[in-house]
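Structure data (mmCIF, C-alpha atoms) from my_file_29.cif:
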data_entry
loop_
_atom_site.label_atom_id
_atom_site.label_comp_id
_atom_site.auth_asym_id
_atom_site.auth_seq_id
_atom_site.Cartn_x
_atom_site.Cartn_y
_atom_site.Cartn_z
CA MET A 735 61.39 -53.79 -32.35
CA ARG A 736 62.99 -56.64 -30.44
CA ASP A 737 62.13 -59.14 -33.22
CA TRP A 738 63.65 -56.79 -35.78
CA GLY A 739 66.85 -56.53 -33.70
CA CYS A 740 67.07 -60.31 -33.37
CA ARG A 741 66.58 -60.69 -37.12
CA VAL A 742 69.41 -58.23 -37.82
CA VAL A 743 71.71 -60.14 -35.45
CA ARG A 744 70.82 -63.47 -37.09
CA ILE A 745 71.52 -62.05 -40.55
CA ALA A 746 74.85 -60.62 -39.39
CA VAL A 747 75.88 -63.94 -37.82
CA LYS A 748 74.83 -65.84 -40.94
CA GLN A 749 76.84 -63.50 -43.17
CA ARG A 750 79.91 -63.78 -40.94
CA PHE A 751 79.60 -67.57 -40.95
CA HIS A 752 79.29 -67.57 -44.74
CA ILE A 753 82.44 -65.43 -45.08
CA LEU A 754 84.33 -67.71 -42.66
CA VAL A 755 83.35 -70.83 -44.61
CA LYS A 756 84.59 -69.22 -47.83
CA GLU A 757 87.85 -68.27 -46.12
CA LEU A 758 88.31 -71.79 -44.76
CA LEU A 759 87.83 -73.26 -48.22
CA ARG A 760 90.22 -70.79 -49.82
CA LYS A 761 92.90 -71.36 -47.21
CA ALA A 762 92.48 -75.13 -47.36
CA ILE A 763 93.39 -74.88 -51.06
CA HIS A 764 96.30 -72.62 -50.10
CA ILE A 765 97.62 -75.03 -47.49
CA CYS A 766 97.38 -77.98 -49.88
CA THR A 767 100.27 -76.45 -51.85
CA ALA A 768 102.52 -77.54 -48.95
CA PHE A 769 102.47 -81.05 -50.46
CA VAL A 770 104.15 -79.82 -53.66
CA PRO A 771 107.79 -79.97 -52.39
CA LEU A 772 107.23 -83.59 -51.35
CA PHE A 773 105.73 -84.48 -54.73
CA LEU A 774 108.57 -82.67 -56.52
CA SER A 775 111.13 -84.81 -54.72
CA PHE A 776 109.54 -87.95 -56.17
CA ALA A 777 108.46 -86.82 -59.63
CA TYR A 778 109.76 -83.37 -60.52
CA TRP A 779 108.74 -82.94 -64.14
CA PRO A 780 105.35 -84.69 -63.90
CA VAL A 781 104.44 -82.33 -61.04
CA ILE A 782 105.62 -79.30 -63.04
CA TRP A 783 103.48 -80.37 -65.99
CA ILE A 784 100.48 -81.01 -63.73
CA LEU A 785 100.77 -77.50 -62.28
CA LEU A 786 100.99 -76.00 -65.75
CA ILE A 787 97.98 -77.99 -66.96
CA MET A 788 96.03 -76.90 -63.87
CA VAL A 789 96.70 -73.24 -64.70
CA ILE A 790 95.54 -73.73 -68.29
CA VAL A 791 92.42 -75.71 -67.35
CA TYR A 792 91.42 -73.30 -64.59
CA THR A 793 91.99 -70.22 -66.78
CA THR A 794 89.86 -71.75 -69.53
CA ALA A 795 87.13 -72.64 -67.02
CA GLU A 796 87.10 -69.08 -65.66
CA PHE A 797 86.77 -67.54 -69.12
CA MET A 798 83.89 -69.92 -69.78
CA ARG A 799 82.28 -69.01 -66.45
CA GLN A 800 82.56 -65.33 -67.36
CA ARG A 801 80.54 -66.10 -70.48
CA GLY A 802 77.82 -67.96 -68.62
CA ALA A 803 79.05 -71.52 -69.12
CA THR A 804 80.16 -73.74 -66.26
CA VAL A 805 82.79 -76.44 -65.93
CA PRO A 806 81.76 -79.18 -63.48
CA VAL A 807 83.58 -79.09 -60.12
CA ILE A 808 85.98 -76.25 -61.08
CA SER A 809 83.31 -73.57 -61.48
CA ALA A 810 81.52 -74.77 -58.35
CA ILE A 811 84.67 -74.59 -56.22
CA THR A 812 85.55 -71.17 -57.65
CA ALA A 813 82.11 -69.79 -56.87
CA ALA A 814 82.19 -71.25 -53.35
CA ALA A 815 85.63 -69.83 -52.53
CA ALA A 816 85.47 -66.46 -54.31
CA ARG A 817 85.69 -63.29 -52.23
CA LYS A 818 83.12 -60.53 -52.49
CA ARG A 819 85.62 -58.41 -54.45
CA ASP A 820 85.78 -61.24 -57.04
CA GLU A 821 82.07 -61.22 -57.81
CA ASN A 822 81.45 -60.81 -61.56
CA HIS A 823 85.21 -60.79 -62.16
CA PHE A 824 87.83 -63.30 -63.22
CA VAL A 825 88.93 -65.01 -59.98
CA LEU A 826 92.69 -64.59 -60.23
CA GLY A 827 93.79 -66.15 -56.93
CA PRO A 828 94.12 -69.79 -58.08
CA VAL A 829 96.14 -68.70 -61.13
CA THR A 830 98.65 -66.66 -59.12
CA LEU A 831 98.79 -69.42 -56.48
CA ALA A 832 99.68 -72.13 -59.00
CA CYS A 833 102.04 -69.81 -60.92
CA GLY A 834 103.82 -68.79 -57.71
CA VAL A 835 104.44 -72.44 -56.81
CA LEU A 836 105.39 -73.30 -60.41
CA LEU A 837 107.91 -70.47 -60.82
CA THR A 838 109.48 -71.16 -57.44
CA ALA A 839 109.86 -74.86 -58.24
CA LEU A 840 111.34 -74.11 -61.66
CA PHE A 841 113.87 -71.42 -60.79
CA PHE A 842 115.12 -72.32 -57.30
CA PRO A 843 116.92 -75.33 -55.81
CA PRO A 844 114.84 -77.73 -53.67
CA GLU A 845 115.61 -76.25 -50.22
CA ALA A 846 114.97 -72.64 -51.22
CA ALA A 847 111.88 -73.64 -53.21
CA ALA A 848 110.50 -75.56 -50.23
CA VAL A 849 110.96 -72.51 -47.98
CA GLY A 850 109.11 -70.28 -50.45
CA ILE A 851 106.27 -72.73 -51.05
CA PHE A 852 105.80 -73.47 -47.34
CA ALA A 853 105.75 -69.73 -46.63
CA LEU A 854 102.99 -69.33 -49.19
CA ALA A 855 101.05 -72.35 -47.93
CA PHE A 856 101.25 -71.73 -44.19
CA GLY A 857 102.37 -68.12 -43.70
CA ASP A 858 100.05 -66.45 -46.17
CA GLY A 859 97.41 -69.16 -45.78
CA LEU A 860 97.09 -68.98 -41.99
CA ALA A 861 97.56 -65.20 -41.74
CA SER A 862 94.25 -64.41 -43.40
CA LEU A 863 92.42 -67.07 -41.41
CA ALA A 864 93.85 -65.84 -38.09
CA GLY A 865 92.97 -62.28 -39.04
CA LYS A 866 89.36 -63.25 -39.74
CA LEU A 867 89.00 -65.26 -36.52
CA PHE A 868 91.07 -63.28 -34.02
CA GLY A 869 91.98 -59.99 -35.67
CA ARG A 870 90.85 -57.06 -33.57
CA ILE A 871 93.68 -54.57 -34.09
CA ARG A 872 94.03 -53.44 -37.69
CA ILE A 873 97.29 -52.13 -39.13
CA PRO A 874 96.95 -48.74 -40.85
CA TYR A 875 97.46 -48.45 -44.63
CA THR A 876 97.36 -52.23 -45.22
CA GLU A 877 93.77 -52.57 -46.48
CA GLY A 878 92.51 -54.28 -43.34
CA LYS A 879 95.45 -56.50 -42.35
CA THR A 880 95.55 -57.28 -38.63
CA VAL A 881 98.20 -57.71 -35.96
CA ALA A 882 96.96 -61.26 -35.27
CA GLY A 883 97.27 -62.18 -38.93
CA SER A 884 100.76 -60.71 -39.26
CA LEU A 885 102.06 -62.44 -36.12
CA THR A 886 100.59 -65.73 -37.33
CA CYS A 887 102.29 -65.22 -40.68
CA PHE A 888 105.64 -64.56 -38.98
CA ALA A 889 105.37 -67.59 -36.70
CA ALA A 890 104.30 -69.96 -39.48
CA ILE A 891 107.11 -68.88 -41.82
CA TYR A 892 109.71 -69.00 -39.04
CA ILE A 893 108.72 -72.54 -38.01
CA THR A 894 108.57 -73.94 -41.55
CA THR A 895 111.81 -72.23 -42.62
CA PHE A 896 113.65 -73.54 -39.57
CA ALA A 897 112.24 -77.02 -40.22
CA VAL A 898 113.71 -76.91 -43.74
CA THR A 899 117.02 -75.11 -43.14
CA ASN A 900 117.75 -75.69 -39.44
CA ARG A 901 119.18 -72.15 -39.36
CA ALA A 902 117.62 -69.86 -36.75
CA PHE A 903 118.99 -66.54 -38.03
CA ASP A 904 118.03 -67.27 -41.63
CA SER A 905 114.57 -68.30 -40.45
CA LEU A 906 114.20 -65.02 -38.55
CA VAL A 907 115.16 -62.96 -41.61
CA VAL A 908 112.90 -64.94 -43.95
CA ALA A 909 109.96 -64.74 -41.54
CA SER A 910 110.39 -60.98 -41.11
CA CYS A 911 110.55 -60.42 -44.87
CA GLY A 912 107.57 -62.71 -45.41
CA MET A 913 105.51 -60.86 -42.84
CA PHE A 914 106.38 -57.52 -44.49
CA ILE A 915 105.45 -58.77 -47.97
CA GLU A 916 102.17 -60.16 -46.66
CA LEU A 917 101.35 -56.72 -45.22
CA LEU A 918 101.64 -55.04 -48.62
CA PRO A 919 98.34 -54.43 -50.45
CA LEU A 920 99.24 -56.83 -53.28
CA LYS A 921 95.88 -58.62 -53.34
CA ASP A 922 96.23 -61.97 -55.16
CA PHE A 923 99.71 -61.12 -56.46
CA ASP A 924 101.22 -61.91 -53.05
CA ASN A 925 100.94 -65.53 -54.23
CA LEU A 926 103.69 -64.72 -56.72
CA PHE A 927 105.90 -62.48 -54.61
CA ILE A 928 105.98 -64.46 -51.35
CA PRO A 929 107.40 -67.78 -52.59
CA CYS A 930 109.76 -66.33 -55.21
CA LEU A 931 111.21 -63.54 -53.07
CA LEU A 932 111.61 -65.67 -49.96
CA ALA A 933 113.29 -68.45 -51.95
CA ALA A 934 115.70 -65.82 -53.33
CA ILE A 935 116.39 -64.52 -49.83
CA VAL A 936 117.28 -68.04 -48.70
CA LEU A 937 119.84 -68.29 -51.51
CA VAL A 938 121.37 -64.92 -50.57
CA LEU A 939 121.60 -65.90 -46.89
CA GLU A 940 123.27 -69.20 -47.80
CA LYS A 941 126.08 -67.31 -49.55
CA MET A 942 126.72 -64.84 -46.73
#
File written out as C-alpha cells:
Amino acid sequence: MRDWGCRVVRIAVKQRFHILVKELLRKAIHICTAFVPLFLSFAYWPVIWILLIMVIVYTTAEFMRQRGATVPVISAITAAAARKRDENHFVLGPVTLACGVLLTALFFPPEAAAVGIFALAFGDGLASLAGKLFGRIRIPYTEGKTVAGSLTCFAAIYITTFAVTNRAFDSLVVASCGMFIELLPLKDFDNLFIPCLLAAIVLVLEKM
C-alpha cells in the first residue's frame, strides 16, 4: 500500500514537472517578443516581413503536422510547448502571438506599439507562469485564472508601461485594463486583444 502511494506521488510530481517545463518553454517564446520593438526601431519593414513569413511558415508546418508530416525544429518545438487542450488540434497560440505583435506594430506609433507588445510579452507571459508556480487562490468564472497570476500581470504591465511612457497615471490605467483583459476566457486570442487594445488605450490617454 505504501509503495503504491509513493508511486502515485512520483507520477503526480512527474506530471506537474512536465506541465511546468511546457509552460516555461511557452512563456520563454512569449517573452522573446519583447525584443520586437527594439528590432523595429532599427529595421521596421524587414521585421514586419519576417513576422509575416513566420506566420505563414508556422501555419504551413501545423497543417502538415495535422496530416502526419513533420517540419524539422518547428514541429518539435510545437509538440514540446503545446498544452493538453491542444493535443490533436491545430496549435493556434504561435499564430495569434505573431499576429498580435504584427498588427500592433503596423497600426500603432512606436511608443503605443511598444506598450502593447511589452504587455503581451511580460504581462500575459509572466501571469500564466506565476499562476502555475504560486497560484493558490482561483478567481471564479475565469477558467482557472489565479490571484497571483493577475497581480503579476498588473505589476509587469505597470512597470513596462511606465518605462516606456514615464506617465504613472497612464501606466495604472493600462495595467488595470491589461489585467482585466487577461482575466477574460479568451484562450489564445488574448494574444491579439492585449497588445492592440492596450496600444489603443495609450493613444486615447495621450489625447486626454
**Message:** Taking the file as I've supplied it (selection: the PyMOL selection byres ((chain A and resi 764) around 9)), which residues are included? Please answer as JSON, numbers by chain.
**Reply:** {"A": [759, 760, 761, 762, 763, 765, 766, 767, 768, 828, 831, 854, 855, 856, 858, 859, 860]}
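Within 9 Å of the file-frame point (107.1, -73.6, -56.4), and using only C-alpha atoms, the polymer residues found are Thr767, Val770, Pro771, Ile782, Ala832, Cys833, Gly834, Val835, Leu836, Leu837, Thr838, Ala839, Leu840, Phe841, Phe842, Ala847, Ala848, Gly850, Ile851, Pro929 and Cys930 of chain A.
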Output check: residues returned by the PyMOL selection byres ((chain A and resi 907) around 12), as a tab-separated table (two decimals) with C-alpha atoms, in the frame of the given file:
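Saved to expr26.tsv:
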chain	number	residue	atom	x	y	z
A	888	PHE	CA	105.64	-64.56	-38.98
A	889	ALA	CA	105.37	-67.59	-36.70
A	891	ILE	CA	107.11	-68.88	-41.82
A	892	TYR	CA	109.71	-69.00	-39.04
A	895	THR	CA	111.81	-72.23	-42.62
A	896	PHE	CA	113.65	-73.54	-39.57
A	901	ARG	CA	119.18	-72.15	-39.36
A	902	ALA	CA	117.62	-69.86	-36.75
A	903	PHE	CA	118.99	-66.54	-38.03
A	904	ASP	CA	118.03	-67.27	-41.63
A	905	SER	CA	114.57	-68.30	-40.45
A	906	LEU	CA	114.20	-65.02	-38.55
A	908	VAL	CA	112.90	-64.94	-43.95
A	909	ALA	CA	109.96	-64.74	-41.54
A	910	SER	CA	110.39	-60.98	-41.11
A	911	CYS	CA	110.55	-60.42	-44.87
A	912	GLY	CA	107.57	-62.71	-45.41
A	913	MET	CA	105.51	-60.86	-42.84
A	914	PHE	CA	106.38	-57.52	-44.49
A	932	LEU	CA	111.61	-65.67	-49.96
A	933	ALA	CA	113.29	-68.45	-51.95
A	935	ILE	CA	116.39	-64.52	-49.83
A	936	VAL	CA	117.28	-68.04	-48.70
A	938	VAL	CA	121.37	-64.92	-50.57
A	939	LEU	CA	121.60	-65.90	-46.89
A	940	GLU	CA	123.27	-69.20	-47.80
**Message:** Rounded to one decimal, what separation in Å do you get between CA of Thr812 in chain A and CA of Thr793 in chain A?
**Reply:** 11.2 Å
First collect every listed atom of range 755-773 of chain A; then fit an axis-aligned box around them, widen it by 5 Å on each side, and give centre and edge lengths in Å to one decimal, as AutoDock Vina command-line options.
--center_x 95.6 --center_y -76.4 --center_z -49.7 --size_x 34.4 --size_y 26.2 --size_z 20.1
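Going from CA of Val898 in chain A to CA of Pro843 in chain A covers 12.6 Å.
CA of Ser862 in chain A to CA of Leu772 in chain A spans 24.5 Å [interatomic distance, one decimal].
Taken over the shown file, the PyMOL selection byres ((chain A and resi 799) around 12) identifies Tyr792, Thr793, Thr794, Ala795, Glu796, Phe797, Met798, Gln800, Arg801, Gly802, Ala803, Thr804, Val805, Pro806, Val807, Ile808, Ser809, Ala810, Ile811, Thr812, Ala813, Glu821, Asn822, His823, Phe824 and Val825 of chain A.
Among the candidate residues A:Leu786, A:Leu918, A:Ala861, A:Gly827, the one lying nearest to Pro874 in chain A is A:Leu918, with distances computed using all atoms listed in the file.
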**Shell around range 865-867 of chain A at 7 Å using all atoms listed in the file, local window under 2 positions removed, as an MDAnalysis selection string** = chainID A and resid 861:863 869 880 882:883
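When only C-alpha atoms are used to measure the gap to Phe923 in chain A, the shortest distance among A:Ile784, A:Ile790, A:Leu826, A:Leu937 belongs to A:Leu826.
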